[in-house]
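Okay, structure first, notes after.
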Amino acid sequence: MSDCERRPYVCTLSPKTLEKAKRELNENPNTRQQKIDELREKFRKDKPEVKLPPDDAFLIRFLRNKKFDVDRAYKTLLHYYDCRRKYPQLFVKYRDRKSVV
């Protein structure tokens with residue numbers, strides 16, 4: 001993916017919430033982008049067939065969920081994509097679900 005396609009994460013957390021994220025999720029504004037880049041690179045090397053969305057905010061969700069542990073976030077993302085592949089009907093947009101049911 002070229003850099004022009006990529007949509008970097010822009011932090012909109014309040015100072016109070018950011019402090020909580022640092023304390024509880026190991027989120028560090030100084031290393032946040034590095035962790036996102038590590039996660040993207042891991043997919044490029046190990047699973048090039050998986051096309052990650054260009055927005056970094058998508059990856060931040062998984063990194064926060066795993067307290068910024070890249071390996072654990074990677075495993076969770078693999079599971080997410082496996083579920084999407086096995087159960088596509090669960091990932092249909094809400095307005096389209098009437099046709100699935």
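Residues in the structure tokens are named by chain (A, B, ... in the order shown) and by number from 1 within that chain; ligands are numbered from 1 in the order shown.
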
Polymer residues at most 10 Å from segment 57-61 of chain A, only C-alpha atoms, same-chain spacing of 5 or more positions, as a PyMOL selection string: chain A and resi 7-11+27+32-33+35-37+39-40+52+66-68+73-74+77

Test item: residues at most 12 Å from Glu49 of chain A, only C-alpha atoms, excluding those fewer than 6 positions along its chain, as a VMD selection string: chain A and resid 43 78 81

Expected file: the selected residues, N, CA and C atoms, as an mmCIF file, in the first residue's frame:
```
data_model
loop_
_atom_site.group_PDB
_atom_site.id
_atom_site.type_symbol
_atom_site.label_atom_id
_atom_site.label_comp_id
_atom_site.auth_asym_id
_atom_site.auth_seq_id
_atom_site.Cartn_x
_atom_site.Cartn_y
_atom_site.Cartn_z
ATOM 1 N N PHE A 43 1.865 -8.142 9.143
ATOM 2 C CA PHE A 43 0.937 -8.664 8.138
ATOM 3 C C PHE A 43 1.587 -8.708 6.760
ATOM 4 N N LEU A 78 -5.983 -11.855 13.130
ATOM 5 C CA LEU A 78 -6.085 -13.083 12.335
ATOM 6 C C LEU A 78 -7.407 -13.784 12.624
ATOM 7 N N TYR A 81 -10.292 -11.869 10.926
ATOM 8 C CA TYR A 81 -10.392 -12.139 9.499
ATOM 9 C C TYR A 81 -10.842 -13.576 9.225
#
```

Distance in Å - atom CA of Lys22 of chain A versus atom CA of Lys42 of chain A: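 If I compute the distance from atom CA of Lys22 of chain A to atom CA of Lys42 of chain A, I get 23.6 Å.
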
Report as a short mmCIF file (atom, residue, chain, number, x, y, z; two decimals) with all heavy atoms, in the first residue's frame: the residues of chain A with a DSSP assignment of alpha helix (DSSP H), based on the backbone of this structure.
```cif
data_model
loop_
_atom_site.label_atom_id
_atom_site.label_comp_id
_atom_site.auth_asym_id
_atom_site.auth_seq_id
_atom_site.Cartn_x
_atom_site.Cartn_y
_atom_site.Cartn_z
N PRO A 15 -7.20 14.90 27.31
CA PRO A 15 -6.01 14.65 28.15
C PRO A 15 -6.28 13.63 29.27
O PRO A 15 -5.43 12.79 29.55
CB PRO A 15 -5.68 16.03 28.72
CG PRO A 15 -6.21 16.98 27.70
CD PRO A 15 -7.46 16.34 27.15
N LYS A 16 -7.46 13.71 29.85
CA LYS A 16 -7.81 12.78 30.93
C LYS A 16 -7.91 11.34 30.40
O LYS A 16 -7.39 10.41 31.01
CB LYS A 16 -9.15 13.20 31.56
CG LYS A 16 -9.57 12.35 32.72
CD LYS A 16 -10.88 12.87 33.31
CE LYS A 16 -11.33 11.99 34.47
NZ LYS A 16 -12.58 12.46 35.05
N THR A 17 -8.55 11.18 29.25
CA THR A 17 -8.69 9.85 28.65
C THR A 17 -7.35 9.34 28.16
O THR A 17 -7.05 8.15 28.28
CB THR A 17 -9.71 9.88 27.50
OG1 THR A 17 -10.95 10.41 28.00
CG2 THR A 17 -9.95 8.50 26.94
N LEU A 18 -6.54 10.21 27.63
CA LEU A 18 -5.21 9.81 27.17
C LEU A 18 -4.37 9.32 28.34
O LEU A 18 -3.65 8.32 28.22
CB LEU A 18 -4.51 10.98 26.47
CG LEU A 18 -3.17 10.67 25.83
CD1 LEU A 18 -3.25 9.52 24.85
CD2 LEU A 18 -2.63 11.91 25.15
N GLU A 19 -4.47 9.99 29.46
CA GLU A 19 -3.74 9.55 30.66
C GLU A 19 -4.22 8.16 31.10
O GLU A 19 -3.42 7.31 31.47
CB GLU A 19 -3.93 10.57 31.79
CG GLU A 19 -3.05 10.33 32.98
CD GLU A 19 -1.56 10.28 32.65
OE1 GLU A 19 -1.09 11.10 31.86
OE2 GLU A 19 -0.86 9.39 33.19
N LYS A 20 -5.52 7.94 31.03
CA LYS A 20 -6.08 6.62 31.38
C LYS A 20 -5.59 5.56 30.38
O LYS A 20 -5.26 4.44 30.78
CB LYS A 20 -7.60 6.68 31.38
CG LYS A 20 -8.26 5.41 31.84
CD LYS A 20 -9.76 5.58 31.96
CE LYS A 20 -10.35 4.29 32.50
NZ LYS A 20 -11.76 4.41 32.81
N ALA A 21 -5.53 5.90 29.10
CA ALA A 21 -5.05 4.97 28.09
C ALA A 21 -3.58 4.62 28.33
O ALA A 21 -3.17 3.47 28.14
CB ALA A 21 -5.23 5.56 26.69
N LYS A 22 -2.80 5.60 28.74
CA LYS A 22 -1.39 5.33 29.07
C LYS A 22 -1.30 4.35 30.24
O LYS A 22 -0.54 3.39 30.20
CB LYS A 22 -0.67 6.62 29.46
CG LYS A 22 -0.36 7.54 28.33
CD LYS A 22 0.34 8.79 28.87
CE LYS A 22 0.51 9.85 27.83
NZ LYS A 22 1.11 11.07 28.39
N ARG A 23 -2.08 4.62 31.26
CA ARG A 23 -2.02 3.83 32.49
C ARG A 23 -2.59 2.42 32.29
O ARG A 23 -1.99 1.45 32.74
CB ARG A 23 -2.80 4.58 33.58
CG ARG A 23 -2.67 4.04 34.97
CD ARG A 23 -3.38 4.91 36.02
NE ARG A 23 -4.81 5.07 35.74
CZ ARG A 23 -5.39 6.19 35.31
NH1 ARG A 23 -4.69 7.27 35.08
NH2 ARG A 23 -6.70 6.25 35.09
N GLU A 24 -3.73 2.31 31.64
CA GLU A 24 -4.42 1.03 31.56
C GLU A 24 -4.15 0.22 30.30
O GLU A 24 -4.29 -0.99 30.31
CB GLU A 24 -5.93 1.26 31.71
CG GLU A 24 -6.31 1.82 33.06
CD GLU A 24 -7.80 2.05 33.21
OE1 GLU A 24 -8.58 1.57 32.36
OE2 GLU A 24 -8.19 2.71 34.19
N LEU A 25 -3.77 0.89 29.21
CA LEU A 25 -3.61 0.20 27.94
C LEU A 25 -2.18 0.23 27.39
O LEU A 25 -1.94 -0.25 26.29
CB LEU A 25 -4.55 0.81 26.88
CG LEU A 25 -6.03 0.84 27.23
CD1 LEU A 25 -6.81 1.54 26.14
CD2 LEU A 25 -6.56 -0.56 27.47
N ARG A 32 3.07 5.17 19.57
CA ARG A 32 1.81 4.69 18.98
C ARG A 32 1.98 4.36 17.50
O ARG A 32 1.63 3.27 17.06
CB ARG A 32 0.71 5.73 19.17
CG ARG A 32 -0.64 5.29 18.66
CD ARG A 32 -1.65 6.43 18.67
NE ARG A 32 -1.90 6.93 19.99
CZ ARG A 32 -1.84 8.22 20.32
NH1 ARG A 32 -1.51 9.13 19.42
NH2 ARG A 32 -2.11 8.61 21.55
N GLN A 33 2.53 5.28 16.74
CA GLN A 33 2.69 5.05 15.30
C GLN A 33 3.66 3.90 15.03
O GLN A 33 3.45 3.12 14.10
CB GLN A 33 3.17 6.33 14.60
CG GLN A 33 3.09 6.25 13.09
CD GLN A 33 1.68 6.01 12.58
OE1 GLN A 33 0.76 6.73 12.97
NE2 GLN A 33 1.50 5.02 11.74
N GLN A 34 4.66 3.78 15.85
CA GLN A 34 5.62 2.67 15.70
C GLN A 34 4.90 1.33 15.86
O GLN A 34 5.14 0.39 15.09
CB GLN A 34 6.73 2.80 16.74
CG GLN A 34 7.70 1.65 16.74
CD GLN A 34 8.68 1.72 17.90
OE1 GLN A 34 8.87 2.76 18.51
NE2 GLN A 34 9.27 0.60 18.22
N LYS A 35 4.00 1.22 16.83
CA LYS A 35 3.26 -0.03 17.06
C LYS A 35 2.33 -0.32 15.89
O LYS A 35 2.21 -1.47 15.46
CB LYS A 35 2.46 0.04 18.37
CG LYS A 35 3.32 0.17 19.60
CD LYS A 35 4.06 -1.10 19.88
CE LYS A 35 4.81 -1.00 21.20
NZ LYS A 35 5.42 -2.26 21.59
N ILE A 36 1.69 0.71 15.36
CA ILE A 36 0.82 0.54 14.19
C ILE A 36 1.66 0.02 13.02
O ILE A 36 1.27 -0.93 12.33
CB ILE A 36 0.13 1.86 13.82
CG1 ILE A 36 -0.87 2.26 14.91
CG2 ILE A 36 -0.55 1.76 12.46
CD1 ILE A 36 -1.39 3.69 14.77
N ASP A 37 2.82 0.63 12.81
CA ASP A 37 3.71 0.22 11.72
C ASP A 37 4.20 -1.21 11.90
O ASP A 37 4.29 -1.97 10.94
CB ASP A 37 4.88 1.18 11.60
CG ASP A 37 4.47 2.58 11.18
OD1 ASP A 37 3.34 2.74 10.66
OD2 ASP A 37 5.26 3.52 11.40
N GLU A 38 4.51 -1.60 13.14
CA GLU A 38 4.95 -2.96 13.42
C GLU A 38 3.85 -3.96 13.07
O GLU A 38 4.14 -5.02 12.47
CB GLU A 38 5.31 -3.13 14.89
CG GLU A 38 6.63 -2.54 15.31
CD GLU A 38 6.88 -2.70 16.81
OE1 GLU A 38 6.48 -3.73 17.38
OE2 GLU A 38 7.47 -1.77 17.40
N LEU A 39 2.63 -3.63 13.43
CA LEU A 39 1.51 -4.53 13.15
C LEU A 39 1.28 -4.65 11.64
O LEU A 39 1.12 -5.76 11.12
CB LEU A 39 0.25 -4.03 13.85
CG LEU A 39 -0.98 -4.93 13.82
CD1 LEU A 39 -0.67 -6.33 14.33
CD2 LEU A 39 -2.10 -4.29 14.64
N ARG A 40 1.33 -3.54 10.93
CA ARG A 40 1.19 -3.58 9.47
C ARG A 40 2.30 -4.42 8.84
O ARG A 40 2.06 -5.22 7.93
CB ARG A 40 1.24 -2.17 8.89
CG ARG A 40 -0.05 -1.46 8.94
CD ARG A 40 -0.04 -0.22 8.04
NE ARG A 40 -1.23 0.55 8.29
CZ ARG A 40 -2.43 0.25 7.81
NH1 ARG A 40 -2.58 -0.80 7.05
NH2 ARG A 40 -3.47 0.99 8.09
N GLU A 41 3.52 -4.21 9.31
CA GLU A 41 4.68 -4.92 8.76
C GLU A 41 4.56 -6.43 9.01
O GLU A 41 4.92 -7.24 8.15
CB GLU A 41 5.97 -4.37 9.34
CG GLU A 41 7.22 -4.91 8.69
CD GLU A 41 7.29 -4.66 7.19
OE1 GLU A 41 6.73 -3.66 6.70
OE2 GLU A 41 7.89 -5.50 6.48
N LYS A 42 4.07 -6.80 10.16
CA LYS A 42 3.89 -8.22 10.48
C LYS A 42 2.93 -8.86 9.48
O LYS A 42 3.15 -9.97 9.01
CB LYS A 42 3.39 -8.37 11.91
CG LYS A 42 3.47 -9.77 12.45
CD LYS A 42 3.38 -9.75 13.96
CE LYS A 42 3.43 -11.12 14.57
NZ LYS A 42 4.69 -11.82 14.36
N PHE A 43 1.86 -8.14 9.14
CA PHE A 43 0.94 -8.66 8.14
C PHE A 43 1.59 -8.71 6.76
O PHE A 43 1.38 -9.66 6.01
CB PHE A 43 -0.36 -7.84 8.10
CG PHE A 43 -1.41 -8.39 9.01
CD1 PHE A 43 -1.50 -7.94 10.31
CD2 PHE A 43 -2.27 -9.38 8.58
CE1 PHE A 43 -2.46 -8.46 11.17
CE2 PHE A 43 -3.23 -9.91 9.43
CZ PHE A 43 -3.32 -9.44 10.73
N ARG A 44 2.35 -7.71 6.41
CA ARG A 44 3.03 -7.71 5.09
C ARG A 44 3.95 -8.91 4.94
O ARG A 44 4.02 -9.51 3.88
CB ARG A 44 3.84 -6.42 4.92
CG ARG A 44 3.03 -5.27 4.44
CD ARG A 44 3.93 -4.09 4.03
NE ARG A 44 3.14 -2.88 4.07
CZ ARG A 44 3.30 -1.89 4.93
NH1 ARG A 44 4.27 -1.93 5.82
NH2 ARG A 44 2.51 -0.84 4.91
N LYS A 45 4.66 -9.25 6.02
CA LYS A 45 5.61 -10.36 5.96
C LYS A 45 4.91 -11.71 6.07
O LYS A 45 5.21 -12.63 5.30
CB LYS A 45 6.62 -10.24 7.10
CG LYS A 45 7.64 -9.16 6.90
CD LYS A 45 8.62 -9.13 8.05
CE LYS A 45 9.65 -8.03 7.87
NZ LYS A 45 10.53 -7.92 9.04
N ASP A 46 4.03 -11.87 7.05
CA ASP A 46 3.46 -13.18 7.36
C ASP A 46 2.18 -13.51 6.59
O ASP A 46 1.92 -14.67 6.31
CB ASP A 46 3.16 -13.29 8.87
CG ASP A 46 4.40 -13.14 9.72
OD1 ASP A 46 5.52 -13.21 9.18
OD2 ASP A 46 4.25 -12.94 10.95
N ASP A 56 -5.39 3.80 9.99
CA ASP A 56 -4.70 3.33 11.19
C ASP A 56 -5.64 3.19 12.38
O ASP A 56 -5.37 2.40 13.29
CB ASP A 56 -3.56 4.29 11.55
CG ASP A 56 -2.39 4.20 10.57
OD1 ASP A 56 -2.35 3.25 9.75
OD2 ASP A 56 -1.52 5.07 10.62
N ALA A 57 -6.76 3.90 12.37
CA ALA A 57 -7.72 3.82 13.48
C ALA A 57 -8.25 2.38 13.63
O ALA A 57 -8.53 1.94 14.74
CB ALA A 57 -8.87 4.80 13.26
N PHE A 58 -8.37 1.67 12.52
CA PHE A 58 -8.81 0.28 12.56
C PHE A 58 -7.83 -0.56 13.39
O PHE A 58 -8.24 -1.34 14.25
CB PHE A 58 -8.93 -0.27 11.14
CG PHE A 58 -9.29 -1.72 11.07
CD1 PHE A 58 -10.60 -2.14 11.26
CD2 PHE A 58 -8.33 -2.68 10.79
CE1 PHE A 58 -10.94 -3.49 11.19
CE2 PHE A 58 -8.65 -4.02 10.72
CZ PHE A 58 -9.96 -4.43 10.92
N LEU A 59 -6.55 -0.38 13.15
CA LEU A 59 -5.53 -1.15 13.87
C LEU A 59 -5.41 -0.74 15.33
O LEU A 59 -5.13 -1.56 16.19
CB LEU A 59 -4.18 -1.02 13.16
CG LEU A 59 -4.14 -1.56 11.74
CD1 LEU A 59 -2.75 -1.36 11.14
CD2 LEU A 59 -4.55 -3.01 11.68
N ILE A 60 -5.65 0.54 15.61
CA ILE A 60 -5.59 1.04 16.99
C ILE A 60 -6.58 0.27 17.86
O ILE A 60 -6.30 -0.03 19.02
CB ILE A 60 -5.89 2.56 17.04
CG1 ILE A 60 -4.68 3.35 16.60
CG2 ILE A 60 -6.34 3.02 18.41
CD1 ILE A 60 -3.58 3.44 17.63
N ARG A 61 -7.73 -0.06 17.32
CA ARG A 61 -8.74 -0.80 18.10
C ARG A 61 -8.17 -2.12 18.61
O ARG A 61 -8.39 -2.50 19.75
CB ARG A 61 -9.97 -1.08 17.24
CG ARG A 61 -10.75 0.14 16.88
CD ARG A 61 -11.95 -0.25 16.01
NE ARG A 61 -12.59 0.94 15.51
CZ ARG A 61 -12.76 1.21 14.24
NH1 ARG A 61 -12.33 0.38 13.31
NH2 ARG A 61 -13.37 2.32 13.86
N PHE A 62 -7.46 -2.82 17.74
CA PHE A 62 -6.90 -4.11 18.13
C PHE A 62 -5.70 -3.93 19.05
O PHE A 62 -5.51 -4.73 19.98
CB PHE A 62 -6.54 -4.91 16.88
CG PHE A 62 -7.75 -5.36 16.12
CD1 PHE A 62 -8.31 -4.55 15.14
CD2 PHE A 62 -8.35 -6.57 16.38
CE1 PHE A 62 -9.44 -4.94 14.44
CE2 PHE A 62 -9.48 -6.99 15.69
CZ PHE A 62 -10.03 -6.17 14.73
N LEU A 63 -4.91 -2.92 18.83
CA LEU A 63 -3.76 -2.67 19.71
C LEU A 63 -4.24 -2.29 21.11
O LEU A 63 -3.68 -2.76 22.11
CB LEU A 63 -2.87 -1.57 19.13
CG LEU A 63 -2.02 -2.01 17.94
CD1 LEU A 63 -1.45 -0.81 17.20
CD2 LEU A 63 -0.90 -2.93 18.41
N ARG A 64 -5.24 -1.45 21.21
CA ARG A 64 -5.76 -1.08 22.52
C ARG A 64 -6.35 -2.29 23.23
O ARG A 64 -6.16 -2.47 24.43
CB ARG A 64 -6.82 0.02 22.39
CG ARG A 64 -6.22 1.37 22.12
CD ARG A 64 -7.28 2.44 22.02
NE ARG A 64 -6.66 3.75 21.86
CZ ARG A 64 -7.21 4.76 21.20
NH1 ARG A 64 -8.40 4.61 20.63
NH2 ARG A 64 -6.58 5.90 21.11
N ASN A 65 -7.06 -3.10 22.48
CA ASN A 65 -7.67 -4.30 23.07
C ASN A 65 -6.63 -5.22 23.68
O ASN A 65 -6.90 -5.88 24.69
CB ASN A 65 -8.48 -5.04 21.99
CG ASN A 65 -9.11 -6.28 22.50
OD1 ASN A 65 -8.54 -7.36 22.37
ND2 ASN A 65 -10.29 -6.14 23.08
N VAL A 70 1.86 -6.07 20.17
CA VAL A 70 1.71 -6.29 18.73
C VAL A 70 1.41 -7.74 18.40
O VAL A 70 0.55 -8.03 17.57
CB VAL A 70 2.96 -5.78 17.97
CG1 VAL A 70 2.89 -6.15 16.49
CG2 VAL A 70 3.10 -4.28 18.14
N ASP A 71 2.09 -8.68 19.03
CA ASP A 71 1.87 -10.10 18.74
C ASP A 71 0.45 -10.54 19.10
O ASP A 71 -0.19 -11.27 18.34
CB ASP A 71 2.89 -10.97 19.47
CG ASP A 71 4.29 -10.81 18.91
OD1 ASP A 71 4.43 -10.55 17.69
OD2 ASP A 71 5.25 -10.93 19.69
N ARG A 72 -0.03 -10.09 20.23
CA ARG A 72 -1.40 -10.44 20.63
C ARG A 72 -2.43 -9.76 19.74
O ARG A 72 -3.44 -10.36 19.37
CB ARG A 72 -1.62 -10.07 22.10
CG ARG A 72 -0.82 -10.99 23.04
CD ARG A 72 -0.96 -10.60 24.50
NE ARG A 72 -2.35 -10.66 24.92
CZ ARG A 72 -2.91 -9.82 25.79
NH1 ARG A 72 -2.19 -8.86 26.35
NH2 ARG A 72 -4.17 -9.94 26.13
N ALA A 73 -2.19 -8.52 19.35
CA ALA A 73 -3.10 -7.82 18.44
C ALA A 73 -3.11 -8.53 17.08
O ALA A 73 -4.18 -8.66 16.46
CB ALA A 73 -2.67 -6.36 18.29
N TYR A 74 -1.96 -8.98 16.64
CA TYR A 74 -1.85 -9.71 15.37
C TYR A 74 -2.72 -10.97 15.41
O TYR A 74 -3.49 -11.24 14.49
CB TYR A 74 -0.39 -10.05 15.13
CG TYR A 74 -0.14 -10.94 13.93
CD1 TYR A 74 -0.16 -10.42 12.65
CD2 TYR A 74 0.13 -12.29 14.09
CE1 TYR A 74 0.09 -11.22 11.54
CE2 TYR A 74 0.38 -13.10 13.00
CZ TYR A 74 0.35 -12.56 11.73
OH TYR A 74 0.58 -13.38 10.65
N LYS A 75 -2.62 -11.74 16.49
CA LYS A 75 -3.41 -12.97 16.62
C LYS A 75 -4.90 -12.67 16.64
O LYS A 75 -5.70 -13.39 16.03
CB LYS A 75 -3.00 -13.72 17.89
CG LYS A 75 -1.64 -14.36 17.78
CD LYS A 75 -1.23 -15.01 19.09
CE LYS A 75 0.21 -15.49 19.01
NZ LYS A 75 0.71 -15.97 20.30
N THR A 76 -5.29 -11.60 17.31
CA THR A 76 -6.69 -11.23 17.37
C THR A 76 -7.19 -10.81 15.98
O THR A 76 -8.30 -11.17 15.58
CB THR A 76 -6.91 -10.10 18.39
OG1 THR A 76 -6.45 -10.55 19.67
CG2 THR A 76 -8.38 -9.73 18.51
N LEU A 77 -6.38 -10.07 15.25
CA LEU A 77 -6.75 -9.68 13.88
C LEU A 77 -6.87 -10.90 12.97
O LEU A 77 -7.78 -10.97 12.13
CB LEU A 77 -5.71 -8.72 13.32
CG LEU A 77 -6.06 -7.25 13.40
CD1 LEU A 77 -4.83 -6.39 13.14
CD2 LEU A 77 -7.16 -6.88 12.44
N LEU A 78 -5.98 -11.86 13.13
CA LEU A 78 -6.09 -13.08 12.34
C LEU A 78 -7.41 -13.78 12.62
O LEU A 78 -8.10 -14.26 11.71
CB LEU A 78 -4.93 -14.04 12.64
CG LEU A 78 -3.57 -13.68 12.07
CD1 LEU A 78 -2.53 -14.70 12.52
CD2 LEU A 78 -3.62 -13.61 10.55
N HIS A 79 -7.76 -13.84 13.88
CA HIS A 79 -9.04 -14.47 14.28
C HIS A 79 -10.22 -13.69 13.69
O HIS A 79 -11.18 -14.28 13.19
CB HIS A 79 -9.14 -14.54 15.81
CG HIS A 79 -10.37 -15.21 16.28
ND1 HIS A 79 -10.61 -16.54 16.13
CD2 HIS A 79 -11.46 -14.70 16.89
CE1 HIS A 79 -11.79 -16.85 16.62
NE2 HIS A 79 -12.33 -15.74 17.09
N TYR A 80 -10.15 -12.37 13.74
CA TYR A 80 -11.19 -11.52 13.17
C TYR A 80 -11.38 -11.83 11.68
O TYR A 80 -12.51 -12.05 11.22
CB TYR A 80 -10.81 -10.05 13.38
CG TYR A 80 -11.62 -9.08 12.59
CD1 TYR A 80 -12.91 -8.71 12.99
CD2 TYR A 80 -11.11 -8.49 11.43
CE1 TYR A 80 -13.65 -7.81 12.25
CE2 TYR A 80 -11.84 -7.58 10.69
CZ TYR A 80 -13.12 -7.24 11.10
OH TYR A 80 -13.85 -6.36 10.38
N TYR A 81 -10.29 -11.87 10.93
CA TYR A 81 -10.39 -12.14 9.50
C TYR A 81 -10.84 -13.58 9.22
O TYR A 81 -11.55 -13.84 8.25
CB TYR A 81 -9.08 -11.82 8.78
CG TYR A 81 -8.94 -10.36 8.51
CD1 TYR A 81 -8.00 -9.60 9.18
CD2 TYR A 81 -9.77 -9.72 7.59
CE1 TYR A 81 -7.88 -8.22 8.94
CE2 TYR A 81 -9.66 -8.36 7.34
CZ TYR A 81 -8.72 -7.63 8.03
OH TYR A 81 -8.62 -6.28 7.79
N ASP A 82 -10.46 -14.50 10.07
CA ASP A 82 -10.92 -15.89 9.93
C ASP A 82 -12.43 -15.96 10.14
O ASP A 82 -13.14 -16.63 9.38
CB ASP A 82 -10.18 -16.79 10.94
CG ASP A 82 -10.45 -18.25 10.69
OD1 ASP A 82 -10.40 -18.68 9.52
OD2 ASP A 82 -10.70 -18.97 11.68
N CYS A 83 -12.94 -15.24 11.14
CA CYS A 83 -14.39 -15.21 11.37
C CYS A 83 -15.11 -14.56 10.20
O CYS A 83 -16.19 -15.02 9.80
CB CYS A 83 -14.70 -14.46 12.66
SG CYS A 83 -14.33 -15.40 14.14
N ARG A 84 -14.55 -13.50 9.67
CA ARG A 84 -15.17 -12.84 8.50
C ARG A 84 -15.25 -13.79 7.31
O ARG A 84 -16.22 -13.78 6.55
CB ARG A 84 -14.38 -11.60 8.10
CG ARG A 84 -14.63 -10.42 9.02
CD ARG A 84 -14.12 -9.17 8.39
NE ARG A 84 -14.95 -8.83 7.25
CZ ARG A 84 -15.68 -7.72 7.14
NH1 ARG A 84 -15.67 -6.85 8.11
NH2 ARG A 84 -16.38 -7.49 6.07
N ARG A 85 -14.21 -14.61 7.16
CA ARG A 85 -14.20 -15.56 6.05
C ARG A 85 -15.19 -16.70 6.28
O ARG A 85 -15.93 -17.08 5.38
CB ARG A 85 -12.78 -16.13 5.88
CG ARG A 85 -12.60 -17.03 4.67
CD ARG A 85 -11.19 -17.59 4.55
NE ARG A 85 -10.68 -18.20 5.77
CZ ARG A 85 -11.04 -19.42 6.21
NH1 ARG A 85 -11.89 -20.15 5.54
NH2 ARG A 85 -10.51 -19.91 7.31
N LYS A 86 -15.24 -17.23 7.50
CA LYS A 86 -16.11 -18.36 7.80
C LYS A 86 -17.59 -17.98 7.92
O LYS A 86 -18.46 -18.78 7.59
CB LYS A 86 -15.67 -19.02 9.11
CG LYS A 86 -14.39 -19.81 9.00
CD LYS A 86 -14.04 -20.44 10.33
CE LYS A 86 -12.75 -21.23 10.24
NZ LYS A 86 -12.34 -21.75 11.55
#
```
